[in-house]
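Pasted below: upload_31.tsv, TSV, C-alpha atoms.
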chain	number	residue	atom	x	y	z
A	198	MET	CA	226.18	-4.16	218.52
A	199	SER	CA	229.68	-2.69	218.68
A	200	GLU	CA	230.71	-0.26	221.37
A	201	THR	CA	229.56	3.35	221.19
A	202	VAL	CA	231.96	5.53	219.24
A	203	ALA	CA	231.61	9.27	219.66
A	204	ILE	CA	233.55	12.15	218.15
A	205	PRO	CA	234.29	14.55	220.99
A	206	HIS	CA	235.59	17.60	219.13
A	207	GLY	CA	233.77	17.82	215.85
A	208	LEU	CA	234.45	16.17	212.56
A	209	PRO	CA	238.02	14.97	211.81
A	210	MET	CA	238.92	16.45	208.44
A	211	ASP	CA	242.72	16.22	208.22
A	212	ARG	CA	243.80	14.00	205.33
A	213	ASP	CA	246.34	12.26	207.55
A	214	ALA	CA	246.31	9.04	205.50
A	215	GLY	CA	247.43	10.79	202.28
A	216	PRO	CA	246.10	13.39	199.83
A	217	PHE	CA	243.53	11.01	198.31
A	218	ASP	CA	242.32	9.07	201.34
A	219	PRO	CA	239.73	9.67	204.08
A	220	PRO	CA	240.95	10.72	207.53
A	221	ARG	CA	242.02	7.63	209.49
A	222	GLN	CA	239.52	8.32	212.26
A	223	ILE	CA	236.65	8.37	209.76
A	224	THR	CA	237.81	5.01	208.37
A	225	ARG	CA	238.00	3.50	211.86
A	226	LEU	CA	234.51	4.78	212.68
A	227	ARG	CA	233.05	3.29	209.52
A	228	GLN	CA	234.55	-0.08	210.42
A	229	ALA	CA	233.37	0.02	214.05
A	230	ARG	CA	229.95	1.63	213.65
A	231	PRO	CA	228.80	2.99	210.26
A	232	VAL	CA	226.15	5.12	212.00
A	233	SER	CA	228.02	6.72	214.91
A	234	PRO	CA	226.94	9.14	217.64
A	235	MET	CA	228.67	12.48	217.20
A	236	LEU	CA	229.21	15.21	219.77
A	237	PHE	CA	229.47	18.64	218.18
A	238	PRO	CA	231.81	21.30	219.62
A	239	ASP	CA	228.84	23.16	221.18
A	240	GLY	CA	227.75	20.01	223.05
A	241	HIS	CA	224.92	19.13	220.69
A	242	GLU	CA	224.57	15.38	220.04
A	243	GLY	CA	224.13	14.25	216.46
A	244	TRP	CA	225.18	11.45	214.14
A	245	LEU	CA	227.90	10.70	211.58
A	246	VAL	CA	227.02	8.26	208.78
A	247	THR	CA	229.96	6.65	206.96
A	248	GLY	CA	228.79	3.22	205.70
A	249	TYR	CA	227.75	2.89	202.06
A	250	ASP	CA	224.40	1.20	202.68
A	251	ALA	CA	223.41	3.63	205.44
A	252	VAL	CA	224.44	6.69	203.42
A	253	ARG	CA	222.50	5.51	200.38
A	254	GLN	CA	219.41	4.79	202.50
A	255	LEU	CA	219.62	8.18	204.21
A	256	LEU	CA	219.98	10.13	200.96
A	257	ALA	CA	216.91	8.38	199.55
A	258	ASP	CA	214.77	9.15	202.63
A	259	THR	CA	213.17	12.61	202.48
A	260	ARG	CA	212.43	12.43	206.21
A	261	PHE	CA	216.05	13.51	206.47
A	262	SER	CA	215.53	17.15	205.57
A	263	SER	CA	217.95	19.35	203.61
A	264	ARG	CA	216.35	22.55	204.90
A	265	GLN	CA	218.31	24.93	207.11
A	266	ASP	CA	215.38	26.87	208.46
A	267	ILE	CA	213.65	24.21	210.59
A	268	GLY	CA	216.10	23.72	213.43
A	269	VAL	CA	219.51	24.48	214.83
A	270	LEU	CA	221.93	22.51	212.70
A	271	HIS	CA	225.11	22.96	214.81
A	272	MET	CA	227.32	22.50	211.77
A	273	PRO	CA	231.04	22.36	212.55
A	274	TYR	CA	231.69	22.63	208.81
A	275	GLU	CA	229.58	23.82	205.94
A	276	THR	CA	227.52	21.92	203.45
A	277	PRO	CA	229.20	22.49	200.06
A	278	GLY	CA	227.78	25.75	198.78
A	279	MET	CA	226.12	26.70	202.05
A	280	PRO	CA	227.48	28.74	204.98
A	281	ALA	CA	227.83	27.21	208.43
A	282	MET	CA	224.95	28.04	210.74
A	283	THR	CA	224.49	27.67	214.48
A	284	GLU	CA	220.89	28.85	214.41
A	285	PRO	CA	217.99	28.49	212.02
A	286	SER	CA	218.69	30.18	208.71
A	287	PRO	CA	215.96	31.53	206.43
A	288	GLN	CA	215.65	29.71	203.15
A	289	VAL	CA	217.37	31.39	200.22
A	290	PRO	CA	214.92	31.68	197.29
A	291	GLY	CA	215.88	29.38	194.43
A	292	LEU	CA	218.59	27.50	196.32
A	293	PHE	CA	216.86	24.16	195.95
A	294	ILE	CA	219.82	22.17	197.32
A	295	ALA	CA	218.59	23.35	200.74
A	296	MET	CA	214.92	22.59	200.13
A	297	ASP	CA	212.65	19.57	200.51
A	298	PRO	CA	209.72	18.48	198.34
A	299	PRO	CA	207.41	20.01	197.23
A	300	ASP	CA	209.43	23.27	197.01
A	301	HIS	CA	212.50	21.39	195.79
A	302	THR	CA	210.40	19.49	193.25
A	303	ARG	CA	208.83	22.65	191.82
A	304	LEU	CA	212.19	24.32	191.13
A	305	ARG	CA	214.15	21.27	190.03
A	306	ARG	CA	211.43	20.33	187.54
A	307	LYS	CA	212.11	23.60	185.71
A	308	LEU	CA	215.63	22.37	184.96
A	309	THR	CA	215.19	18.74	184.04
A	310	GLY	CA	214.83	19.54	180.34
A	311	ALA	CA	218.07	21.52	180.33
A	312	PHE	CA	220.17	18.66	181.66
A	313	THR	CA	218.74	15.56	179.98
A	314	VAL	CA	221.18	12.86	178.88
A	315	LYS	CA	220.12	13.49	175.26
A	316	ARG	CA	220.83	17.21	175.46
A	317	MET	CA	224.18	16.60	177.14
A	318	LYS	CA	225.15	14.09	174.43
A	319	GLN	CA	224.38	16.75	171.84
A	320	LEU	CA	226.85	19.05	173.60
A	321	GLU	CA	229.61	16.44	173.70
A	322	GLU	CA	231.33	17.53	170.48
A	323	HIS	CA	231.22	21.19	171.46
A	324	ILE	CA	232.68	20.46	174.91
A	325	ALA	CA	235.49	18.51	173.21
A	326	GLU	CA	236.19	21.59	171.05
A	327	ILE	CA	236.33	23.87	174.11
A	328	THR	CA	238.69	21.40	175.79
A	329	GLU	CA	240.99	21.20	172.75
A	330	ARG	CA	241.16	24.99	172.47
A	331	GLN	CA	242.22	25.24	176.10
A	332	LEU	CA	244.83	22.52	175.57
A	333	ASP	CA	246.11	24.54	172.58
A	334	GLU	CA	246.49	27.56	174.88
A	335	MET	CA	248.33	25.48	177.47
A	336	ALA	CA	250.64	23.91	174.87
A	337	ARG	CA	251.78	27.38	173.81
A	338	LEU	CA	253.05	28.11	177.31
A	339	ALA	CA	256.56	27.36	178.52
A	340	PRO	CA	256.39	24.81	181.35
A	341	PRO	CA	256.12	24.59	184.25
A	342	VAL	CA	252.51	25.81	184.43
A	343	ASP	CA	249.72	25.61	186.98
A	344	LEU	CA	247.24	23.07	185.61
A	345	VAL	CA	244.43	24.54	187.73
A	346	LYS	CA	244.81	28.02	186.27
A	347	GLU	CA	245.56	26.99	182.69
A	348	PHE	CA	243.22	24.04	182.22
A	349	ALA	CA	241.20	22.55	185.08
A	350	LEU	CA	239.37	25.77	186.00
A	351	PRO	CA	238.93	27.36	182.55
A	352	VAL	CA	237.31	24.33	180.86
A	353	PRO	CA	234.26	23.90	183.17
A	354	SER	CA	234.02	27.67	183.60
A	355	LEU	CA	233.82	28.19	179.84
A	356	VAL	CA	231.26	25.40	179.49
A	357	ILE	CA	228.94	26.50	182.30
A	358	CYS	CA	229.18	30.18	181.31
A	359	GLU	CA	228.16	29.31	177.76
A	360	LEU	CA	225.32	27.04	178.90
A	361	LEU	CA	223.91	29.52	181.39
A	362	GLY	CA	224.51	32.63	179.30
A	363	VAL	CA	227.00	34.18	181.73
A	364	PRO	CA	229.67	36.28	179.95
A	365	TYR	CA	233.01	34.46	180.43
A	366	GLU	CA	234.81	37.80	180.64
A	367	ASP	CA	232.98	38.34	183.94
A	368	ARG	CA	234.56	35.20	185.45
A	369	GLU	CA	236.67	37.19	187.93
A	370	THR	CA	233.43	38.37	189.53
A	371	PHE	CA	232.23	34.89	190.34
A	372	GLN	CA	235.46	32.87	190.60
A	373	VAL	CA	237.05	35.03	193.29
A	374	ASN	CA	233.84	35.36	195.28
A	375	SER	CA	232.85	31.71	194.92
A	376	ALA	CA	236.29	30.70	196.19
A	377	LYS	CA	235.80	32.97	199.21
A	378	PHE	CA	232.33	31.55	199.75
A	379	MET	CA	233.72	27.99	199.74
A	380	GLU	CA	236.41	28.65	202.37
A	381	LYS	CA	235.79	27.00	205.73
A	382	ASP	CA	237.56	29.35	208.10
A	383	VAL	CA	235.99	32.57	206.91
A	384	SER	CA	233.67	34.67	209.04
A	385	LEU	CA	229.99	34.46	208.22
A	386	ASP	CA	230.05	38.19	207.39
A	387	ASP	CA	232.83	37.70	204.81
A	388	LYS	CA	231.12	34.63	203.40
A	389	MET	CA	227.81	36.43	203.00
A	390	ALA	CA	229.57	39.43	201.48
A	391	ALA	CA	230.98	37.10	198.81
A	392	TYR	CA	227.54	35.57	198.31
A	393	GLY	CA	226.02	39.05	198.08
A	394	ALA	CA	228.51	40.13	195.41
A	395	ILE	CA	227.73	37.11	193.21
A	396	SER	CA	224.00	37.44	193.82
A	397	SER	CA	223.94	41.13	192.90
A	398	TYR	CA	225.72	40.36	189.66
A	399	LEU	CA	223.40	37.44	188.85
A	400	ALA	CA	220.25	39.36	189.80
A	401	GLU	CA	221.10	42.02	187.21
A	402	LEU	CA	221.92	39.31	184.68
A	403	VAL	CA	218.64	37.39	185.05
A	404	THR	CA	216.65	40.64	185.09
A	405	ASN	CA	218.15	41.48	181.70
A	406	LYS	CA	217.45	37.97	180.43
A	407	ARG	CA	213.81	38.27	181.46
A	408	ALA	CA	213.60	41.50	179.44
A	409	GLU	CA	215.62	40.18	176.47
A	410	PRO	CA	215.99	36.38	176.61
A	411	GLY	CA	218.66	34.63	174.56
A	412	GLU	CA	219.47	31.00	173.74
A	413	ASP	CA	220.72	29.76	177.11
A	414	ILE	CA	219.49	28.03	180.25
A	415	LEU	CA	219.00	31.20	182.34
A	416	SER	CA	216.97	32.75	179.53
A	417	ASP	CA	214.84	29.60	179.37
A	418	LEU	CA	214.23	29.85	183.10
A	419	ALA	CA	213.52	33.59	182.90
A	420	ARG	CA	210.63	32.83	180.54
A	421	HIS	CA	208.82	31.13	183.46
A	422	ASP	CA	206.64	33.90	184.88
A	423	ASP	CA	206.04	31.93	188.08
A	424	LEU	CA	209.74	32.21	189.02
A	425	THR	CA	210.65	35.43	190.83
A	426	ILE	CA	213.87	37.31	190.16
A	427	GLU	CA	215.04	36.19	193.61
A	428	GLU	CA	214.40	32.54	192.71
A	429	LEU	CA	216.11	32.93	189.35
A	430	THR	CA	219.11	34.47	191.11
A	431	GLY	CA	219.32	31.61	193.61
A	432	ILE	CA	219.08	28.99	190.87
A	433	ALA	CA	221.73	30.80	188.82
A	434	PHE	CA	224.03	30.97	191.84
A	435	LEU	CA	223.69	27.25	192.51
A	436	LEU	CA	224.22	26.22	188.87
A	437	LEU	CA	227.18	28.54	188.38
A	438	LEU	CA	228.90	27.48	191.61
A	439	ALA	CA	228.29	23.76	191.15
A	440	GLY	CA	228.99	23.97	187.43
A	441	HIS	CA	232.61	24.99	187.73
A	442	GLU	CA	233.83	24.27	191.29
A	443	THR	CA	233.32	20.51	191.44
A	444	THR	CA	234.46	19.65	187.91
A	445	ALA	CA	237.51	21.93	188.13
A	446	ASN	CA	238.63	20.17	191.29
A	447	MET	CA	237.97	16.72	189.81
A	448	LEU	CA	240.10	17.57	186.77
A	449	SER	CA	243.02	18.87	188.83
A	450	LEU	CA	242.90	16.35	191.70
A	451	GLY	CA	242.21	13.53	189.23
A	452	THR	CA	245.31	14.48	187.22
A	453	PHE	CA	247.33	14.57	190.45
A	454	ALA	CA	246.06	11.08	191.34
A	455	LEU	CA	246.92	9.70	187.89
A	456	LEU	CA	250.40	11.23	188.01
A	457	GLU	CA	250.90	9.55	191.37
A	458	HIS	CA	249.68	6.23	189.90
A	459	PRO	CA	251.64	6.00	186.63
A	460	ALA	CA	250.50	2.42	185.86
A	461	GLN	CA	246.88	3.63	185.82
A	462	MET	CA	247.79	6.57	183.60
A	463	ALA	CA	249.67	4.25	181.24
A	464	ALA	CA	246.65	1.93	181.04
A	465	LEU	CA	244.43	4.86	180.03
A	466	ARG	CA	246.89	6.01	177.38
A	467	ALA	CA	247.10	2.49	176.00
A	468	ASP	CA	243.33	2.02	175.87
A	469	PRO	CA	241.24	5.24	175.66
A	470	ASP	CA	238.07	3.10	175.73
A	471	LEU	CA	238.72	2.72	179.47
A	472	MET	CA	238.07	6.45	179.99
A	473	PRO	CA	234.33	6.35	180.84
A	474	GLY	CA	234.91	3.73	183.53
A	475	ALA	CA	238.05	5.52	184.73
A	476	VAL	CA	236.05	8.73	185.25
A	477	GLU	CA	233.59	6.82	187.45
A	478	GLU	CA	236.48	5.32	189.39
A	479	LEU	CA	238.13	8.72	189.93
A	480	LEU	CA	234.78	10.14	191.06
A	481	ARG	CA	234.48	7.31	193.59
A	482	TYR	CA	238.11	7.39	194.68
A	483	LEU	CA	238.35	11.16	195.18
A	484	SER	CA	234.81	12.21	196.21
A	485	VAL	CA	235.69	15.92	196.15
A	486	ALA	CA	232.26	16.93	197.52
A	487	ASP	CA	232.42	14.90	200.71
A	488	ILE	CA	230.46	16.25	203.67
A	489	PHE	CA	226.71	16.89	203.60
A	490	TYR	CA	224.13	17.50	206.32
A	491	ARG	CA	220.61	16.36	206.96
A	492	TYR	CA	218.09	17.02	209.73
A	493	ALA	CA	215.84	14.25	211.07
A	494	THR	CA	212.21	15.41	210.98
A	495	GLU	CA	211.06	12.39	213.00
A	496	ASP	CA	212.54	9.35	214.75
A	497	ILE	CA	214.13	7.24	211.99
A	498	GLU	CA	215.79	3.82	212.08
A	499	LEU	CA	219.10	3.79	210.19
A	500	GLY	CA	221.78	1.12	210.25
A	501	GLY	CA	220.47	-0.44	213.44
A	502	GLU	CA	220.37	2.92	215.24
A	503	THR	CA	217.49	5.23	216.09
A	504	ILE	CA	218.11	8.76	214.83
A	505	GLY	CA	216.02	10.95	217.08
A	506	LYS	CA	213.76	13.69	215.74
A	507	GLY	CA	215.66	16.96	215.61
A	508	SER	CA	219.09	15.35	215.24
A	509	THR	CA	221.71	16.77	212.91
A	510	VAL	CA	223.16	14.04	210.71
A	511	VAL	CA	226.55	14.41	209.02
A	512	VAL	CA	227.11	12.31	205.89
A	513	SER	CA	230.53	11.41	204.46
A	514	LEU	CA	230.32	10.44	200.80
A	515	LEU	CA	234.07	9.78	200.71
A	516	ALA	CA	233.82	7.26	203.54
A	517	ALA	CA	230.83	5.58	201.86
A	518	ASN	CA	232.65	5.38	198.53
A	519	ARG	CA	235.59	3.70	200.28
A	520	ASP	CA	233.45	1.15	202.13
A	521	PRO	CA	235.00	-2.34	201.68
A	522	ARG	CA	231.53	-3.84	202.14
A	523	ARG	CA	230.59	-2.28	198.79
A	524	PHE	CA	233.85	-1.93	196.82
A	525	GLU	CA	236.66	-4.49	196.84
A	526	ASP	CA	240.06	-3.03	197.82
A	527	PRO	CA	238.43	0.42	197.93
A	528	ASP	CA	241.52	2.46	198.81
A	529	THR	CA	243.18	1.46	195.53
A	530	VAL	CA	242.46	3.44	192.37
A	531	ASP	CA	241.80	1.02	189.52
A	532	VAL	CA	240.73	2.34	186.10
A	533	HIS	CA	239.47	-1.14	185.20
A	534	ARG	CA	237.02	-1.17	188.11
A	535	LYS	CA	233.27	-1.09	187.53
A	536	ALA	CA	232.62	1.79	189.93
A	537	ARG	CA	229.02	2.50	188.96
A	538	GLY	CA	226.91	2.84	192.07
A	539	HIS	CA	229.29	5.28	193.74
A	540	LEU	CA	227.65	8.13	195.62
A	541	SER	CA	229.80	11.06	194.45
A	542	PHE	CA	226.80	12.68	192.75
A	543	GLY	CA	224.62	11.92	195.75
A	544	HIS	CA	221.48	9.81	195.63
A	545	GLY	CA	217.74	10.37	195.84
A	546	VAL	CA	215.92	13.62	195.05
A	547	HIS	CA	219.07	15.73	195.47
A	548	GLN	CA	221.23	13.66	193.12
A	549	CYS	CA	223.37	16.05	191.08
A	550	LEU	CA	221.41	17.56	188.21
A	551	GLY	CA	224.54	18.20	186.13
A	552	GLN	CA	226.18	14.81	186.54
A	553	GLN	CA	226.08	13.95	182.82
A	554	LEU	CA	227.64	17.30	181.96
A	555	ALA	CA	230.40	16.71	184.53
A	556	ARG	CA	231.10	13.24	183.12
A	557	ILE	CA	231.43	14.58	179.57
A	558	GLU	CA	233.77	17.36	180.70
A	559	MET	CA	235.96	14.93	182.64
A	560	ARG	CA	236.13	12.39	179.82
A	561	ALA	CA	237.12	15.11	177.36
A	562	GLY	CA	239.50	16.74	179.83
A	563	PHE	CA	241.44	13.66	180.91
A	564	ASP	CA	241.46	12.19	177.40
A	565	GLY	CA	242.81	15.40	175.87
A	566	LEU	CA	245.37	15.96	178.59
A	567	LEU	CA	246.82	12.44	178.35
A	568	ARG	CA	246.83	12.50	174.56
A	569	ARG	CA	248.30	15.96	174.11
A	570	PHE	CA	250.85	15.80	176.91
A	571	PRO	CA	252.42	12.31	176.83
A	572	THR	CA	255.31	13.33	179.11
A	573	LEU	CA	253.22	15.26	181.65
A	574	GLU	CA	254.63	15.14	185.18
A	575	LEU	CA	254.60	17.09	188.42
A	576	ALA	CA	256.96	20.05	188.51
A	577	VAL	CA	257.26	19.89	192.31
A	578	PRO	CA	257.49	17.01	194.82
A	579	ALA	CA	254.04	15.55	195.53
A	580	ASP	CA	254.16	16.61	199.18
A	581	GLU	CA	254.53	20.25	198.10
A	582	VAL	CA	251.20	20.30	196.22
A	583	ARG	CA	248.86	22.61	198.14
A	584	LEU	CA	245.71	20.70	199.06
A	585	ARG	CA	242.32	22.37	199.49
A	586	THR	CA	241.83	21.15	203.06
A	587	ASP	CA	240.59	24.66	203.85
A	588	MET	CA	237.76	24.49	201.31
A	589	ASN	CA	234.36	22.78	201.18
A	590	ILE	CA	235.13	21.19	197.82
A	591	TYR	CA	238.36	19.22	198.08
A	592	GLY	CA	241.11	19.42	195.49
A	593	VAL	CA	244.36	21.29	194.99
A	594	HIS	CA	244.93	25.04	195.01
A	595	GLU	CA	247.62	24.70	192.36
A	596	LEU	CA	249.08	21.79	190.42
A	597	PRO	CA	252.49	22.74	188.93
A	598	VAL	CA	253.16	20.46	185.96
A	599	THR	CA	255.80	20.23	183.26
A	600	TRP	CA	256.46	18.27	180.07
A	601	THR	CA	259.17	17.82	177.46
A	602	GLU	CA	256.98	17.59	174.38
A	603	THR	CA	253.37	17.98	173.34
A	604	ALA	CA	251.39	15.92	170.87
A	605	ARG	CA	249.25	17.54	168.22

Would you mind writing the structure in this file as structure tokens?
Amino acid sequence: MSETVAIPHGLPMDRDAGPFDPPRQITRLRQARPVSPMLFPDGHEGWLVTGYDAVRQLLADTRFSSRQDIGVLHMPYETPGMPAMTEPSPQVPGLFIAMDPPDHTRLRRKLTGAFTVKRMKQLEEHIAEITERQLDEMARLAPPVDLVKEFALPVPSLVICELLGVPYEDRETFQVNSAKFMEKDVSLDDKMAAYGAISSYLAELVTNKRAEPGEDILSDLARHDDLTIEELTGIAFLLLLAGHETTANMLSLGTFALLEHPAQMAALRADPDLMPGAVEELLRYLSVADIFYRYATEDIELGGETIGKGSTVVVSLLAANRDPRRFEDPDTVDVHRKARGHLSFGHGVHQCLGQQLARIEMRAGFDGLLRRFPTLELAVPADEVRLRTDMNIYGVHELPVTWTETAR
């Protein structure tokens, strides 16, 4: 057993090793003790899990609860999509990311048909069309342009709005408020005000869909009489937030990473068949949704440690995805790598429902961008790119890019 390693002042989050790498202290902890005692700023003792095997085991074990209403979680940072709490928080109807079976099972089951691999494959051609149209719009602009604003955010927003039946012209309503909701250093009042604004909008939307359903996922859900309007609103909030935030940041941060690794970008241009594997590698390498929380409902053995009942457990997917015990030379991005088995979509009952949709969007997005913009490059020095270290989903706030010609 290695020596006890504790974190005295909360979770180290500064990307001090570079824009794409885990904080150095997290890396050292994973090497010394993959399941480490953690002292929260309020004095509460919990655990930080950074090793691949331990993270995978934890995510598969439903004794580690996702609920936020069964104990004081002492979160120094928020779970993606959830506000920080220092006391028990009532469950939000429909927000199944913060539920355990059987409640989680009941709600998630309603959605499995909407996100099957077969249904996503059927959408592939349409998503490629949406991507190409957005690339057309970007090609008409005079560079430099912000890739986030002109491409990375619009593509997944257009796709998820169309799938859910949310009018794209209303995007300002949810994009501005979802960004505010995802900020770390925002007061709980401001965060809940942003959540309230989105929820009010979505509640009216799903109420109308229950009265006059259309051909979209929210209408399909609204046909279930056993789902309340509050549950429909919570589900809609979760799908809308997850459906554009994570993919948008993967597209922008992934492009940044490729531009900073020109040999990898050249390999993808030379052999587009590498793209599916490259998407998996970028998902592993970047892990934009990094920090998650669980709550031990009983004493549980994990990685040679005993996690006591009532303990808050912090999970780092980025650290797990960079574990050299699982991936060879893990801090190198390699588009030839077989990165399947990464944990960027989670694992177990909470594994991301929309992962196939995200993969299709990223394949289409990166493929189109590299093909249409063969001379794409950063328009500012790399160290001037504004990183989303202040947000719960990592990425870049803006990615100024330029080019000298576009391909048709």

* Would you please work out which residue, of A:Arg491, A:Cys358, A:Thr509, A:Gln553, is nearest to Gln319 (chain A) when using all atoms listed in the file? => A:Gln553

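Using all atoms listed in the file for every distance, the candidate list A:Asp423, A:Ala339, A:Leu418, A:Leu437 yields A:Ala339 as the residue closest to Thr603 (chain A).
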
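Residue nearest Leu435 (chain A) within the list A:Leu584, A:Val476, A:Ala257, A:Leu550: A:Leu550 [criterion: smallest interatomic distance, all atoms listed in the file].
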
Counting only C-alpha atoms, which residues of region 371-456 of chain A fall within 10 Å of region 217-231 of chain A, and what is the closest atom pair for each with its distance in Å at one decimal, ordered by chain and rising number, as JSON lines?
{"residue": "A:Leu450", "atom": "CA", "partner": "A:Phe217", "partner_atom": "CA", "distance": 8.5}
{"residue": "A:Gly451", "atom": "CA", "partner": "A:Phe217", "partner_atom": "CA", "distance": 9.5}
{"residue": "A:Phe453", "atom": "CA", "partner": "A:Phe217", "partner_atom": "CA", "distance": 9.4}
{"residue": "A:Ala454", "atom": "CA", "partner": "A:Phe217", "partner_atom": "CA", "distance": 7.4}

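Going from CA of Pro469 (chain A) to CA of Leu596 (chain A) covers 23.5 Å.
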
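Atom to atom, CA of Leu436 (chain A) and CA of Gly562 (chain A) stand 20.1 Å apart.
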
* Asked: Contacts of Val577 (chain A) at 9 Å or less, counting all atoms listed in the file, minus same-chain residues fewer than 3 places along, as a PyMOL selection string?
  -> chain A and resi 574+580-582+596-598

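Near His458 (chain A), within 10 Å and counting only C-alpha atoms, sit Thr452, Thr529, Val530 and Asp531 of chain A, not including residues fewer than 6 positions from it in the same chain.
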
* For the atom pair CA of Thr259 (chain A) and CA of Leu304 (chain A), what is the interatomic distance in Å to one decimal place? -> 16.3 Å

As JSON: centre and edge lengths in Å, one decimal, of the axis-aligned box holding region 309-327 of chain A with 8 Å per side:
{"center_x": 225.6, "center_y": 18.4, "center_z": 177.3, "size_x": 37.5, "size_y": 27.0, "size_z": 29.6}

Would you list the contacts of Arg368 (chain A) as a PDB file with C-alpha atoms, keeping the file's coordinate frame, taking every protein, DNA or RNA residue within 12 Å and counting all atoms listed in the file, but skipping same-chain residues closer than 2 positions in sequence?
ATOM      1  CA  LEU A 350     239.370  25.770 186.000  1.00  0.00           C
ATOM      2  CA  PRO A 351     238.930  27.360 182.550  1.00  0.00           C
ATOM      3  CA  PRO A 353     234.260  23.900 183.170  1.00  0.00           C
ATOM      4  CA  SER A 354     234.020  27.670 183.600  1.00  0.00           C
ATOM      5  CA  LEU A 355     233.820  28.190 179.840  1.00  0.00           C
ATOM      6  CA  VAL A 356     231.260  25.400 179.490  1.00  0.00           C
ATOM      7  CA  ILE A 357     228.940  26.500 182.300  1.00  0.00           C
ATOM      8  CA  CYS A 358     229.180  30.180 181.310  1.00  0.00           C
ATOM      9  CA  GLU A 359     228.160  29.310 177.760  1.00  0.00           C
ATOM     10  CA  VAL A 363     227.000  34.180 181.730  1.00  0.00           C
ATOM     11  CA  PRO A 364     229.670  36.280 179.950  1.00  0.00           C
ATOM     12  CA  TYR A 365     233.010  34.460 180.430  1.00  0.00           C
ATOM     13  CA  GLU A 366     234.810  37.800 180.640  1.00  0.00           C
ATOM     14  CA  THR A 370     233.430  38.370 189.530  1.00  0.00           C
ATOM     15  CA  PHE A 371     232.230  34.890 190.340  1.00  0.00           C
ATOM     16  CA  GLN A 372     235.460  32.870 190.600  1.00  0.00           C
ATOM     17  CA  VAL A 373     237.050  35.030 193.290  1.00  0.00           C
ATOM     18  CA  ASN A 374     233.840  35.360 195.280  1.00  0.00           C
ATOM     19  CA  SER A 375     232.850  31.710 194.920  1.00  0.00           C
ATOM     20  CA  ALA A 376     236.290  30.700 196.190  1.00  0.00           C
ATOM     21  CA  ILE A 395     227.730  37.110 193.210  1.00  0.00           C
ATOM     22  CA  TYR A 398     225.720  40.360 189.660  1.00  0.00           C
ATOM     23  CA  LEU A 399     223.400  37.440 188.850  1.00  0.00           C
ATOM     24  CA  LEU A 437     227.180  28.540 188.380  1.00  0.00           C
ATOM     25  CA  LEU A 438     228.900  27.480 191.610  1.00  0.00           C
ATOM     26  CA  HIS A 441     232.610  24.990 187.730  1.00  0.00           C
TER      27      HIS A 441
END

* To do: Would you kindly return, as a VMD selection string, each protein, DNA or RNA residue with an atom no farther than 12 Å from any atom of Gly500 (chain A), considering all atoms listed in the file and excluding same-chain residues fewer than 2 positions away?
  => chain A and resid 198 227 230 to 233 244 to 255 497 to 498 502 to 504

* Using all atoms listed in the file, collect all residues at a distance of at most 8 Å from (212.7, 15.8, 212.7) as written in the file, then present them as a VMD selection string. => chain A and resid 260 to 262 492 to 496 505 to 508

* **For region 532-537 of chain A: contacts at 6 Å, only C-alpha atoms, fewer than 5 positions along chain excluded, given as a ChimeraX atom specification** => /A:475,477-478

* Asked: When distances are computed from all atoms listed in the file, which of A:Pro290, A:Gly215, A:Gly440, A:Pro299 shows the smallest separation from Gly551 (chain A)?
  -> A:Gly440

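Nearest residue to Pro234 (chain A), choosing from A:Val510, A:Val546, A:Ala445, A:Ala214 and counting all atoms listed in the file: A:Val510.
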
Export region 226-234 of chain A of the preceding structure, keeping N, CA and C atoms, as a PDB file, in the first residue's frame.
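Once written, result22.pdb looks like this:
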ATOM      1  N   LEU A 226      -1.478  11.818  -8.375  1.00  0.00           N
ATOM      2  CA  LEU A 226      -2.348  11.049  -7.477  1.00  0.00           C
ATOM      3  C   LEU A 226      -2.729   9.706  -8.090  1.00  0.00           C
ATOM      4  N   ARG A 227      -3.020   9.717  -9.372  1.00  0.00           N
ATOM      5  CA  ARG A 227      -3.388   8.462 -10.039  1.00  0.00           C
ATOM      6  C   ARG A 227      -2.229   7.471  -9.976  1.00  0.00           C
ATOM      7  N   GLN A 228      -1.012   7.969 -10.127  1.00  0.00           N
ATOM      8  CA  GLN A 228       0.155   7.099 -10.092  1.00  0.00           C
ATOM      9  C   GLN A 228       0.397   6.549  -8.687  1.00  0.00           C
ATOM     10  N   ALA A 229       0.206   7.421  -7.678  1.00  0.00           N
ATOM     11  CA  ALA A 229       0.511   7.021  -6.298  1.00  0.00           C
ATOM     12  C   ALA A 229      -0.602   6.180  -5.682  1.00  0.00           C
ATOM     13  N   ARG A 230      -1.853   6.583  -5.928  1.00  0.00           N
ATOM     14  CA  ARG A 230      -2.970   5.915  -5.266  1.00  0.00           C
ATOM     15  C   ARG A 230      -4.251   6.212  -6.046  1.00  0.00           C
ATOM     16  N   PRO A 231      -4.651   5.320  -6.952  1.00  0.00           N
ATOM     17  CA  PRO A 231      -5.776   5.595  -7.853  1.00  0.00           C
ATOM     18  C   PRO A 231      -7.098   5.862  -7.143  1.00  0.00           C
ATOM     19  N   VAL A 232      -7.229   5.384  -5.890  1.00  0.00           N
ATOM     20  CA  VAL A 232      -8.380   5.736  -5.058  1.00  0.00           C
ATOM     21  C   VAL A 232      -7.802   6.457  -3.850  1.00  0.00           C
ATOM     22  N   SER A 233      -7.918   7.800  -3.859  1.00  0.00           N
ATOM     23  CA  SER A 233      -7.224   8.631  -2.867  1.00  0.00           C
ATOM     24  C   SER A 233      -8.192   9.310  -1.915  1.00  0.00           C
ATOM     25  N   PRO A 234      -7.837   9.380  -0.609  1.00  0.00           N
ATOM     26  CA  PRO A 234      -8.645  10.181   0.308  1.00  0.00           C
ATOM     27  C   PRO A 234      -8.631  11.641  -0.120  1.00  0.00           C
TER      28      PRO A 234
END
